[in-house]
Every structure is written in structure tokens, then in C-alpha cells.
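Input: a single structure, listed below in C-alpha cells.
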Amino acid sequence: MFKSFIQSIRFYLKNVFDRFNNQGYKKNLLQAIPFWIASVITGLIAVIYTKLFLIAESFTHYVYQQYAWALFLLMPACFIFAWWLVLRFAPYSKGSGIPQVVAAIQITGPKTDKQVSRLLSTKVMLIKIASSLVMAAGGGAIGREGPTIQIAASVFKQVNDFLPKWWPKVAKKNMIITGAAAGLAAAFNTPLGGIVFAIEELTKTHFSYFKTAIFSSVIIAGLTAQGILGPYLYLGYPKIIDLSGYIFFGVVLVAVISGLMGSAMSKVILAILKWKSGFRFNHQHVLYIGCCALILGTIATFISYDILGSGKDIMQTTLFSDDKYVSWYTPLLRIAGPILSFTTGGAGGIFAPALASGASIGSVVSGWFQLSETNTNLLILAGMVAFLTGVTRSPFTSAILVLEMTNRHSVIFHLILAGMIASVVSILIDKHSFYDHLKVRYLKELEEEEPEEENYHLSDRKV
């Protein structure tokens with residue numbers, strides 16, 4: 001029996017060796033290796049970044065608990081330093097990171113390597129991490145999920161750039177798209193969300209061209225993160241059973257309110273950024289940043305700490321505790337926080353803050369009607385989907401993300417309904433998504449900084 005086993009092993013190894021003699025197989029394998037390597041690196045960085053971000057948020061909370069007055073020193077210092085890091089070392093590391101990735105995908109080509117490197121590079125990745133951590137330590141209402149997507153896309157691009165000339169070519173656009181999907185999957189532990197995000201938000205090309213790369217990269221990046229953090233849900237398992245037959249009306253109401261407010265928040269942020277673009281001197285930016293930090297600190301100290309941080313605590317409290325109903329003004333605070341934080345010019349995402357804003361809206365609406373625990377939980381999830389959709393205009397990505405964060409597959413139709421309604425009503429505020437506006441803004445900035453020869457316009461390139 002042992003001899004037969006050895007012969008079987010030898011036969012298997014011979015088959016493997018013979019397959020390696022197949023040039024087509026070798027090419028496919030060599031093309032896959034960069035995706036696998038980048039996926040592992042992405043998973044490791046996502047884990048480290050997550051832990052550091054949690055430490056930074058915990059630091060702010062500790063300062064608030066022990067020395068609330070210190071917020072008035074800590075927040076302006078952190079916000080200004082986070083902005084300076086971006087301004088001095090990597091201007092395109094500011095903000096969320098998703099618009100930069102979308103812009104890089106749109107302009108990627110043989111003539112635009114320098115422009116793409118301004119959006120995605122090792123330096124951008126490092127400054128993105130540093131600036132967002134400083135912002136989080138200062139109490140900024142930002143998230144780490146958007147930055148993780150830009151970080152992951154940068155990793156995949158750099159791995160592609162390091163390939164030797166003899167290596168079978170891998171399309172840079174495919175690497176960037178796959179990296180962004182893997183980054184989202186690692187950030188939220190939502191593999192399906194990463195795949196849907198790539199299809200709905202990042203690309204207009206045929207998915208079959210790179211579906212294998214996305215599937216394998218999302219799985220590897222997610223497994224790498226899980227291997228260190230262990231299997232987990234971003235939020236947990238909220239109780240959702242015995243729903244009322246009329247709960248669809250509540251879902252519709254929450255979706256309309258959340259979609260409109262998500263789109264309105266985006267509109268306000270864009271208006272402030274446009275106004276700030278008229279600043280000609282750095283001291284104007286410093287003055288604005290300092291005022292934003294002091295306003296946030298004042299509200300946190302004298303009204304509610306809920307205005308600070310990513311807002312994940314609000315989601316967990318309303319979903320998993322008996323304190324189901326937040327104050328009527330909490331949604332306003334959760335909208336004001338990202339506006340004041342995002343417009344300072346530091347790095348930081350808007351995914352998690354948008355989810356927290358939607359959760360608070362769902363909680364308030366549930367309080368109006370004194371709904372049961374399970375019905376309240378559903379409206380909280382619906383608000384999360386709808387508000388994020390109002391910002392991104394990606395209803396299916398939003399629904400799948402919230403679904404995977406909570407593992408509540410029984411309400412998938414409720415969540416998709418919330419996303420679709422929010423996508424429609426948000427058009428009343430603005431026809432385009434928040435990320436689309438910022439993408440166009442970054443493309444124009446790239447053109448102004450370094451115009452190409454022969455009237456080659458970045459904004460004219462098609463996906």
C-alpha cells in the first residue's frame with residue numbers, strides 16, 4: 001500500500017511538471033502571482049491599519065474622559081498636522097481615496113504613468129495612513145475604509161510596477177480595480193461587497209476580463225486579514241425576527257430621509273471644498289481648520305461626544321443594546337461631523353461615518369413609532385444602506401456591505417429596496433455622486449499641474 005501511495009505521488013508530481021511545460025499554463029500562473037502577492041500584502045496592511053486606527057480612536061476617547069478641556073488643544077493640532085502632511089508630501093492622499101482610485105482607473109494608459117503615480121504610490125499610501133491616523137487621534141469624524149481602498153490600489157499598482165520586463169504583462173487597470181476590491185473586502189471583511197463594488201463603482205469594462213483575478217484577490221486578502229484578526233463580522237448579528245408586515249412602509253420612509261440627507265451632506269461638503277479652493281494663502285486654510293476643530297470640540301464637550309469618531313459605536317449601541325433610540329439631534333451631529341472633518345483637507349474616509357449617520361436616522365424614525373427591537377434593527381440597517389447610497393449612488397454595493405456586516409440574509413430584499421429608493425430620491429439633490437464630483441475635481445487638478453503635450457486631456461479619456 002505504501003509503495004502504491006508513493007507511486008501515486010510521483011504520478012501527480014509528474015503531471016504538475018508536465019503542465020508547467022505548457023507555455024500557456026505558465027503564462028497564466030505568472031500573471032496570477034502578482035495578484036496573490038499584492039493580496040497578501042493588502043491583507044497584512046489592512047490588519048495593521050485597523051489596529052492602529054482603533055488605538056487612535058481610543059486615545060481620543062481617553063482624553064475626552066480624563067481631560068475634556070484638552071480636546072481644544074488636541075483637535076486643532078491634529079487636524080492642522082494631518083492637513084500639513086498631505087499638503088507637504090502627497091496632495092492626492094487627502095480625503096477618502098475612492099475618487100482618486102476611480103480617477104486613476106479612468107486615466108490609466110501608456111502616456112499617463114506620472115499622473116497615475118500621483119494618485120497611487122507608496123508615498124501616497126504612507127501619508128494616507130499617517131494623516132488619517134492623526135485625524136482619528138484628534139477626534140475626526142472619519143473612517144478607515146475609503147483610505148484602505150486607496151492603500152490597496154497603491155499596493156497592487158506598485159507590485160505591477162516592480163515586475164521585470166520579461167514577466168507576462170498584466171494590465172495596470174485590472175490591477176488597480178482588483179486592488180480596490182480587495183481593499184474593501186479586507187476593510188469590512190465583506191468579500192461579496194468587494195466584488196460588487198468593483199462591478200458597480202469602479203469599472204465599465206466587461207467583468208469577465210478579470211473576474212478570476214478579483215475573485216482570487218478578494219479571497220486571499222480577506223483570508224489574510226481573517227488569519228490574523230480571526231473570523232469576525234464588522235458589526236455582529238442583530239436580532240431580526242418576527243418583522244411586522246407593515247415594516248416596508250418604515251423602510252421606505254427611512255430610505256427617503258436617509259437618501260436625501262446623504263446626498264445633501266455630500267452637496268454641502270462639495271460646496272465648502274469649492275469655496276476653499278479660492279484660498280490663496282496657507283494661513284487661510286489653517287484658520288479654517290482650527291475653527292472646524294474648535295467647533296467639533298465644543299459640540300463634543302457641551303452637547304454630545306457622538307459627533308466625533310467614525311460612528312461605529314453608534315451602530316453597535318443601537319443594534320445590540322437596549323438603548324435603541326438616539327436623540328433627535330444625533331443624525332444632525334453625525335452629518336455635521338464628517339462635513340467639518342472631511343473639508344479640513346486631511347486624509348480620512350466617509351464610508352463608516354455615512355453608515356453611522358444612516359443608523360442614527362433609522363433609530364430616530366423607529367423612536368417616533370416606538371417600534372419593537374427587531375423592527376428597529378431593520379430600520380437601522382435600512383438607514384445605513386440608504387444614507388451610504390445617497391453618498392455613493394451604489395445601492396447594490398451598499399446593500400451587500402450591510403448584509404455581510406451583519407449576516408442577516410433574511411432581509412436582503414428590504415435592504416435592496418432601501419438602496420434603490422435612496423438612489424432615486426438622492427437625484428433630487430444632485431444628479432451625480434459625491435465620488436464622481438471629486439473624481440472630476442482631481443482630474444482637473446492633474447491637468448492644471450502638468451498639462452500633457454499635443455492637447456492630451458485626462459478628463460476626455462473614457463473607461
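By order of appearance in the C-alpha cells: chains A, B, ..., then residues from 1 within every chain, and ligands from 1 in the order shown.
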Inset, instruction - Excluding Asp306 in chain A and residues on its chain fewer than 3 positions from it, collect all residues at most 8 Å away from it, counting only C-alpha atoms, and give them as a ChimeraX atom specification. - result: /A:300,309,311,314,330,333-334
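Here the question is which of A:Asn407, A:Thr374, A:Ser58, A:Ser39 gets nearest to Phe156 in chain A using only C-alpha atoms, and that residue is A:Ser39.
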Legend entry - For range 400-403 of chain A: contacts at 10 Å, only C-alpha atoms, fewer than 4 positions along chain excluded, given as number ranges by chain: A: 184-185, 188-197, 234-235, 355, 381-382, 384-385, 388, 395-396, 407-412, 415-416
Legend entry - Contacts of Leu74 in chain A at 9 Å (only C-alpha atoms; same-chain gap of 5+ positions) as JSON, numbers by chain: {"A": [60, 63, 79, 137, 138, 139, 293]}
Inset, instruction - Using backbone DSSP assignments, extract all helix (DSSP H, G or I) residues from range 155-370 of chain A; output them as a PyMOL selection string. - result: chain A and resi 155-161+172-188+191-202+207-209+211-229+247-276+282-302+305-307+312-320+330-342+351-369
Inset, instruction - Select, from A:Thr397, A:Ser217, A:Gln31, A:Ser327, the residue with the minimum atom-to-atom distance to Trp368 in chain A, counting only C-alpha atoms. - result: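 Checking each candidate against Trp368 in chain A, we get A:Ser327 as the closest.
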Legend entry - Given only C-alpha atoms as the counted atoms, nearest of A:Lys51, A:Phe248, A:Phe35, A:Ile228 to Ala171 in chain A: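 For Ala171 in chain A, the nearest of the candidates is A:Phe35.
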Inset, instruction - Mind checking which residues fall within 8 Å of Ile350 in chain A, counting only C-alpha atoms, ignoring those fewer than 2 positions away in the same chain, and posting them as a PyMOL selection string? - result: chain A and resi 96+142-143+145-146+338+342+348+352-354
Using C-alpha atoms, can you write the selected residues to a file as a PDB file, in the first residue's frame?
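Okay, this is what ended up in part11.pdb:
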ATOM      1  CA  SER A  96     -11.476  59.327   1.183  1.00  0.00           C
ATOM      2  CA  ILE A 142     -13.686  59.870   9.541  1.00  0.00           C
ATOM      3  CA  GLY A 143     -13.384  56.204   8.658  1.00  0.00           C
ATOM      4  CA  GLU A 145     -12.446  52.022   4.847  1.00  0.00           C
ATOM      5  CA  GLY A 146     -12.075  54.509   1.970  1.00  0.00           C
ATOM      6  CA  PRO A 338     -17.963  64.446   8.574  1.00  0.00           C
ATOM      7  CA  PHE A 342     -13.616  65.986   5.637  1.00  0.00           C
ATOM      8  CA  GLY A 348      -9.993  60.091   6.074  1.00  0.00           C
ATOM      9  CA  ALA A 352     -18.197  54.460   8.146  1.00  0.00           C
ATOM     10  CA  PRO A 353     -19.466  57.967   9.053  1.00  0.00           C
ATOM     11  CA  ALA A 354     -22.153  57.611   6.371  1.00  0.00           C
TER      12      ALA A 354
END
Inset, instruction - Give me the residues within 9 Å of Tyr305 in chain A as a ChimeraX atom specification, counting only C-alpha atoms and dropping any in the same chain fewer than 6 places off. - result: /A:61,64,297,299
Please dump the current selection as a compact mmCIF listing (two decimals), in the first residue's frame; keep C-alpha atoms.
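Output file again_9.txt follows:
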# COMPACT_ATOMS: atom_id res chain seq x y z
CA HIS A 61 -11.97 58.86 23.91
CA TYR A 64 -12.23 63.13 26.47
CA GLY A 297 -14.55 70.08 20.28
CA ILE A 299 -20.07 70.33 20.47
Inset, instruction - Record the distance separating CA of Thr108 in chain A and CA of Ile220 in chain A, expressed in Å with one decimal. - result: 25.0 Å
Inset, instruction - Go ahead and compute the interatomic distance for CA of Trp83 in chain A and CA of Ile339 in chain A, in Å to one decimal. - result: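 Separation of CA of Trp83 in chain A and CA of Ile339 in chain A: 15.1 Å.
You can rank A:Pro76, A:Gly97, A:Pro34, A:Gly259 by their closest distance to Lys128 in chain A using only C-alpha atoms, and at the top of that list sits A:Gly97.
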Legend entry - Test item: residues at most 8 Å from Met125 in chain A, only C-alpha atoms, excluding those fewer than 2 positions along its chain, as a VMD selection string: chain A and resid 93 120 to 123 127 to 129 150 to 151 154
For the selection just defined, write its residues with C-alpha atoms to a file, as a CSV table (one decimal), in the first residue's frame.
chain,number,residue,atom,x,y,z
A,93,SER,CA,-3.7,61.4,-0.3
A,120,LEU,CA,-1.5,55.8,-6.3
A,121,SER,CA,2.0,55.2,-4.9
A,122,THR,CA,4.0,54.1,-1.9
A,123,LYS,CA,4.3,57.7,-0.7
A,127,ILE,CA,0.9,59.6,4.0
A,128,LYS,CA,-2.7,58.4,3.7
A,129,ILE,CA,-2.1,56.1,6.7
A,150,GLN,CA,-6.7,53.7,-2.0
A,151,ILE,CA,-3.9,52.0,0.0
A,154,SER,CA,-1.5,51.6,-4.5
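The gap separating CA of Phe59 in chain A from CA of Ser310 in chain A is 13.5 Å, in Å to one decimal.
Counting only C-alpha atoms and comparing A:Ile427, A:Ala187, A:Ile107, A:Val124, the residue that lies closest to Lys172 in chain A is A:Ile107.
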